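Single-structure report; data block below.
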Amino acid sequence: MSYLRSKFRHPALPKNKLGYTVDYYEGSLSTLCAGCGHDSISAAIAQACFELNIEPHRVAKLSGIGCSSKTPAYFLNNSHGFNSVHGRMPSVATGANLANRDLIYLGVSGDGDSASIGMGQFVHVIRRNLNMVYIVMNNGCYGLTKGQDSATADIGSKNKSGQINLFESIDLASLAIELGATFVAQSFSGDKEQLIPLIKAGMSHPGFAFINVISPCVTFNNNVGSTKSYDYVRQHMEATSTFDFVPLAHEIRTQYEEGETQHLTMHDGTVIQLHKLAKDWNPLDRVSAVNAVGRARRDGEILTGLLYMIPECKELHALLNTTDRPLNSLTENELCPGADILESINESLR
Amino acid sequence: MNDIKTNDFVIRFANVNGTGSASANALFTKAIFKMGVPVTPKNIFPSNIQGLPTWYEVRVSERGFLGRREGIDFMVSVNPQSMKKDIADVRPGGYFLYDSTKPLHADMIRDDINYIGIPLMQLSNSNYSDPRQRQLFKNIIYVGALAIFFDIEFKVLEELLAVQFKGKEKLIEPNIKALQLGIDYVREHFEHPLPLRVERRDLLGDAIMMSGNSACALGAIYGGATVAAWYPITPSTSVVDAFTKYAEKYRIDKETGKRNFAIVQAEDELAAIGMVIGANWNGARSFTATSGPGLSLMNEFLGLAYFSEIPTVLIDVQRTGPSTGMPTRTQQSDLLEAAYAAHGDTKHVLLFPASPRECFLMTAEAFDLAEKLQTPVIVMTDLDLGMNEHVSQPLKWDDNRKYNRGKVLGAAELDAIGRYGRYLDTDGDGIPYRTIPATHATKGAFVTRGSSRDEYAAYTEDSAAYVRNMERLTKKFETAREMVPAPKFFQDGKTSETGVIFFGTSTYAAKEAFQMLRDDGFAIDAMRPKAFPFGREFVDFVNDHEKIFVIEQNRDAQFRSLMLIELGLDPNKLVPVLNYDGMPITADFIYNQIKENLSGK
Ligand SMILES: Cc1ncc(C[n+]2csc(CCOP(=O)(O)OP(=O)(O)O)c2C)c(N)n1
Ligand code: SF4
Ligand SMILES: [Mg+2]
């Protein structure tokens with residue numbers, strides 16, 4: 001259980017454009033273990049929504065089952081949430097999104113939830129380019145069922161009970177790129193500076209935005225030998241870039257040398273300013289991104305940042321040519337063809 | 001068999017799958033329908049796309065009995081593979097039409113039936129050159145032959161072809177020619193018409209002929225479904241096929257040309273039902289259609305929908321189990337699975353349509369019921385109803401009908417109340433008020449989850465809260481009893497100590513058997529339930545009768561089990577009448593079983 005949150009708020013807490021302070025974006029008190037990486041991600045989500053001036057009730061937060069999937073209760077109290085079934089959040093999110101294209105969909109999952117039981121749905125939601133942010137809180141184990149290896153545990157890594165993982169791990173970020181995900185990022189729960197802009201960029205992306213966040217499980221997988229431990233990640237994290245997320249009409253301050261900096265203009269006019277660290281990597285080139293991720297993996301490094309992105313893409317509604325109005329707002333008037341047409345159908349069946 | 005039987009016979013066509021026989025056979029059936037005579041066709045087909053035997057059985061009944069009847073009066077044999085069995089199936093004195101391009105083998109000869117040899121292949125080959133046409137027109141040639149044998153009006157066939165080939169008029173002429181080839185051959189070689197005849201009547205009024213699956217699809221269109229998610233499986237696939245067809249016609253926004261619907265072919269049935277639940281959670285009417293194996297996969301999600309109280313509409317077109325069973329044969333064998341789908345204490349609302357008209361009405365109604373009760377509603381049809389064309393009363397819709405979205409709070413209502421509690425039983429009927437995401441900036445939002453929560457949707461694992469919730473769900477199910485469609489009775493009040501219960505597609509044969517029994521002097525009362533849970537009228541009927549026959553199409557007497565579980569009855573009171581061979585139940589079967597039981601009393 002996390003420590004009790006202090007009720008005290010600084011009176012001069014900054015407000016966003018909507019006049020809300022960041023606590024308006026918080027949720028119920030977390031019941032996760034103190035120090036759990038997932039709680040830091042929840043805080044980053046709240047902060048990103050605050051900074052993006054999002055009305056919380058315009059967000060729908062969905063999850064599967066696991067410690068990670070409990071987190072929607074711990075951020076955005078004024079958003080509707082759906083803690084669904086293990087590994088099936090993508091389908092629920094798909095249905096919800098089809099019902100109302102105007103909301104922001106935020107899916108939260110775990111590595112067990114996405115890479116094992118939910119692999120089928122994970123793969124297919126990518127194919128459909130559903131307009132949502134999909135965050136995997138990746139701790140390399142099953143937290144809620146007490147520390148079994150997950151499919152993202154690295155081969156040869158040791159779990160809490162001292163057992164060595166015998167099986168090759170699934171790298172969700174490479175997989176997502178391979179499958180044609182239109183936005184793929186990787187980060188670390190302990191790196192707010194990087195994570196918050198990534199979540200903001202994901203929310204502005206007009207299609208499927210996947211963020212794989214290494215999120216150590218302090219109770220079951222923070223031991224020496226685990227590649228998902230705080231220590232390991234801190235030592236082996238290598239950023240592809242750092243970046244600023246610049247909402248529309250903001251002045252772009254260039255702090256970095258030209259040549260290392262790349263501006264990605266999003267569909268709505270916002271700009272991502274990337275400061276590249278890895279020289280051979282281009283976030284718009286799938287092959288280069290796959291290579292960079294693969295090389296890091298070979299070397300036991302964790303490449304973080306915005307790995308790959310297609311700024312302009314067609315999400316599911318565009319592909320299906322659904323009406324611009326949310327389907328859940330249509331009434332009998334638009335939906336029911338009426339008695340006369342039914343009679344003509346009857347006639348054709350006589 | 002010298003008596004003339006007018007409008008009362010069974011004809012079976014033995015074809016090979018994938019040879020274009022379906023449209024020729026349908027032409028034959030439709031012609032009889034057009035002559036105002038009750039008729040019902042049944043496809044008996046393999047799980048295969050091309051090459052295996054397939055049968056098409058048509059019953060013509062002046063008295064309007066449209067279930068299956070045993071005994072085949074006329075067999076059209078165009079499949080050498082199944083010929084031996086097909087000959088054996090003809091009733092003594094019946095007819096066997098075969099392709100005499102090759103002579104019949106001596107061991108195919110029975111001396112108690114009449115053989116009609118027509119060189120179908122030869123006629124077709126000498127009149128058409130394209131191999132595909134030769135194949136197709138062979139079928140039309142036998143339709144021509146049948147028309148003259150049964151005295152079917154040629155004009156009717158012409159009209160039907162004109163409708164069928166509207167826009168492709170140049171196909172009409174070769175079809176007419178093929179009909180004529182059959183007619184001419186019979187004229188030259190056989191006495192005609194036969195003692196089996198079709199005579200124009202006006203018995204159908206404004207009836208229509210359609211499949212249950214198309215009717216369900218239209219019900220979903222009229223009922224306001226906007227999101228359909230599904231995974232292909234026989235025999236439910238044509239529900240979504242038809243929904244797509246109708247939606248593309250009637251659901252396109254006139255100004256923008258965009259679609260007022262979304263259809264997703266999901267990666268499996270788990271995803272399909274997940275999408276349906278997600279869409280309904282977010283306030284759009286959504287449904288899926290599946291069959292037994294898919295229903296099994298959907299179990300976990302159905303449990304979630306039950307506990308988290310999300311309206312969900314599912315159409316289960318039942319077939320024999322399991323996945324590698326006989327997927328193209330009919331049954332009513334998902335009853336128990338559907339009624340109690342999922343782990344934990346769950347119960348679901350089921351609807352039992354018995355005709356295309358009811359498929360339409362009940363599917364549309366299912367959306368209202370699911371939203372009023374905030375729970376899954378499963379429309380239980382079967383392969384026979386879903387995939388075969390049935391004569392039905394026309395579909396009806398009242399333009400004043402409004403969708404009943406149940407208890408949903410809008411922004412103003414949220415403002416007007418104090419603290420909102422998603423799972424509070426404010427009205428005492430067990431049904432709480434729901435909110436749709438994004439309704440209000442600061443009120444009405446909560447995290448939907450299974451059961452670890454209190455009346456205000458706050459997380460708790462408190463046992464007392466769990467029990468309170470379960471008791472409310474029980475109360476809600478009580479409310480459902482009187483909300484679902486009431487049974488249909490076939491008599492006024494009570495006329496006998498003995499009763500019979502049948503539902504869904506057993507109705508056709510049961511009605512006939514019921515009449516046969518009455519003709520024999522056995523008075524029995526009949527009830528056709530339309531829904532589960534059982535309401536007051538259902539229970540009264542059961543209590544009012546000493547012995548009740550329960551007719552169903554499965555091995556384990558599942559409906560009877562439902563009654564025993566739900567009503568706590570003496571099992572001896574309920575006599576099962578069970579057909580489970582994958583073929584639609586027949587009147588003779590029901591009649592014999594009940595008569596034997598009653599006579600032995
Ligand atoms: C169908 C089903 N099988 C198994 C479980 C048990 N279960 C609950 S959480 C979980 C693993 C969660 O792991 P992960 O998604 O990595 O989340 P974490 O707790 O590590 O954040 C399992 C197997 C379940 N809830 N449902
Ligand atoms: S068990 Fe691990 S994943 Fe679960 S809350 Fe505790 S630290 Fe987090
Ligand atoms: Mg995990």
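Quick note on naming: the chains in the structure tokens go A, B, ... in the order shown, residues restart at 1 in each chain, and ligands are numbered from 1 in order of appearance.
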If you run DSSP over the backbone, which residues in segment 273-337 of chain B end up alpha helix (DSSP H)? Put them as a count of residues only. 28
If you count only C-alpha atoms, which residues fall within 9 Å of Asn221 of chain A, apart from same-chain ones fewer than 5 positions away, as a PyMOL selection string? chain A and resi 139-141+143+147+158-160+216+226-229
Atoms kept (all heavy atoms) for selection, written as a JSON list (two decimals), in the first residue's frame:
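result_3.json, written as the output of this step:
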[["chain", "number", "residue", "atom", "x", "y", "z"],
["A", 139, "ASN", "N", 6.89, -5.14, -16.19],
["A", 139, "ASN", "CA", 7.78, -5.47, -15.08],
["A", 139, "ASN", "C", 8.40, -6.86, -15.24],
["A", 139, "ASN", "O", 9.02, -7.39, -14.33],
["A", 139, "ASN", "CB", 7.07, -5.35, -13.73],
["A", 139, "ASN", "CG", 5.77, -6.13, -13.71],
["A", 139, "ASN", "OD1", 5.55, -6.99, -14.56],
["A", 139, "ASN", "ND2", 4.92, -5.83, -12.73],
["A", 140, "GLY", "N", 8.17, -7.47, -16.38],
["A", 140, "GLY", "CA", 8.80, -8.77, -16.64],
["A", 140, "GLY", "C", 8.27, -9.89, -15.76],
["A", 140, "GLY", "O", 8.86, -10.97, -15.72],
["A", 141, "CYS", "N", 7.17, -9.64, -15.08],
["A", 141, "CYS", "CA", 6.62, -10.71, -14.23],
["A", 141, "CYS", "C", 5.12, -10.50, -14.04],
["A", 141, "CYS", "O", 4.57, -9.50, -14.44],
["A", 141, "CYS", "CB", 7.31, -10.72, -12.87],
["A", 141, "CYS", "SG", 6.84, -9.34, -11.81],
["A", 143, "GLY", "N", 2.84, -9.60, -11.49],
["A", 143, "GLY", "CA", 2.82, -9.07, -10.13],
["A", 143, "GLY", "C", 1.67, -9.61, -9.31],
["A", 143, "GLY", "O", 1.86, -10.20, -8.25],
["A", 147, "GLY", "N", 4.56, -12.99, -8.88],
["A", 147, "GLY", "CA", 5.92, -13.03, -9.38],
["A", 147, "GLY", "C", 6.34, -14.08, -10.37],
["A", 147, "GLY", "O", 7.53, -14.25, -10.61],
["A", 158, "LYS", "N", 16.98, -13.92, -13.61],
["A", 158, "LYS", "CA", 16.61, -14.69, -12.43],
["A", 158, "LYS", "C", 15.41, -14.05, -11.76],
["A", 158, "LYS", "O", 15.36, -12.84, -11.60],
["A", 158, "LYS", "CB", 17.80, -14.66, -11.47],
["A", 158, "LYS", "CG", 17.84, -15.86, -10.52],
["A", 158, "LYS", "CD", 18.92, -15.69, -9.47],
["A", 158, "LYS", "CE", 20.30, -16.10, -9.95],
["A", 158, "LYS", "NZ", 21.33, -15.84, -8.90],
["A", 159, "ASN", "N", 14.43, -14.85, -11.39],
["A", 159, "ASN", "CA", 13.29, -14.26, -10.69],
["A", 159, "ASN", "C", 13.49, -14.35, -9.19],
["A", 159, "ASN", "O", 14.50, -14.84, -8.70],
["A", 159, "ASN", "CB", 11.96, -14.87, -11.16],
["A", 159, "ASN", "CG", 11.78, -16.32, -10.73],
["A", 159, "ASN", "OD1", 12.48, -16.81, -9.84],
["A", 159, "ASN", "ND2", 10.85, -17.00, -11.37],
["A", 160, "LYS", "N", 12.50, -13.86, -8.46],
["A", 160, "LYS", "CA", 12.60, -13.72, -7.02],
["A", 160, "LYS", "C", 12.96, -15.05, -6.33],
["A", 160, "LYS", "O", 13.74, -15.10, -5.40],
["A", 160, "LYS", "CB", 11.25, -13.20, -6.49],
["A", 160, "LYS", "CG", 11.15, -13.11, -4.99],
["A", 160, "LYS", "CD", 11.41, -11.71, -4.50],
["A", 160, "LYS", "CE", 11.12, -11.61, -3.02],
["A", 160, "LYS", "NZ", 11.44, -10.32, -2.46],
["A", 216, "PRO", "N", 9.55, -1.42, -12.80],
["A", 216, "PRO", "CA", 9.96, -2.47, -11.88],
["A", 216, "PRO", "C", 8.92, -2.83, -10.81],
["A", 216, "PRO", "O", 8.24, -1.96, -10.26],
["A", 216, "PRO", "CB", 11.22, -1.90, -11.23],
["A", 216, "PRO", "CG", 11.75, -0.95, -12.23],
["A", 216, "PRO", "CD", 10.54, -0.34, -12.87],
["A", 226, "SER", "N", 17.59, -9.45, -12.37],
["A", 226, "SER", "CA", 16.42, -9.14, -13.19],
["A", 226, "SER", "C", 16.72, -7.94, -14.07],
["A", 226, "SER", "O", 17.18, -6.90, -13.59],
["A", 226, "SER", "CB", 15.22, -8.81, -12.30],
["A", 226, "SER", "OG", 14.26, -8.11, -13.07],
["A", 227, "THR", "N", 16.47, -8.08, -15.35],
["A", 227, "THR", "CA", 16.73, -6.97, -16.27],
["A", 227, "THR", "C", 15.61, -5.93, -16.21],
["A", 227, "THR", "O", 15.63, -4.95, -16.93],
["A", 227, "THR", "CB", 16.86, -7.47, -17.71],
["A", 227, "THR", "OG1", 15.67, -8.18, -18.04],
["A", 227, "THR", "CG2", 18.07, -8.38, -17.86],
["A", 228, "LYS", "N", 14.59, -6.20, -15.38],
["A", 228, "LYS", "CA", 13.54, -5.20, -15.22],
["A", 228, "LYS", "C", 13.64, -4.54, -13.84],
["A", 228, "LYS", "O", 12.69, -3.96, -13.36],
["A", 228, "LYS", "CB", 12.15, -5.83, -15.40],
["A", 228, "LYS", "CG", 11.94, -6.53, -16.76],
["A", 228, "LYS", "CD", 11.68, -5.53, -17.87],
["A", 228, "LYS", "CE", 11.22, -6.19, -19.18],
["A", 228, "LYS", "NZ", 12.18, -7.12, -19.78],
["A", 229, "SER", "N", 14.79, -4.68, -13.19],
["A", 229, "SER", "CA", 14.97, -4.04, -11.88],
["A", 229, "SER", "C", 15.36, -2.58, -12.06],
["A", 229, "SER", "O", 15.84, -2.18, -13.12],
["A", 229, "SER", "CB", 16.06, -4.78, -11.10],
["A", 229, "SER", "OG", 17.30, -4.62, -11.77]]
Which residues form the shell of 10 Å around ligand 1 when you count only C-alpha atoms and all ligand atoms, given as a PyMOL selection string? (chain A and resi 32+36-38+63-71+84-88+108-118+136-152+215-217+220-221) or (chain B and resi 300-301)
Find the residues of chain A in contact range of chain B, meaning any atom within 8 Å when counting only C-alpha atoms, and list them as a ChimeraX atom specification. /A:55-60,72-73,77-85,88-89,91-100,103,120-121,124,320-324,327-332,334-339,342-343,346-347,349-350
For ligand 2, which of A:Asn53, A:Gln186, A:Ser42, A:Asn165 is the closest residue, counting only C-alpha atoms and all ligand atoms? A:Ser42
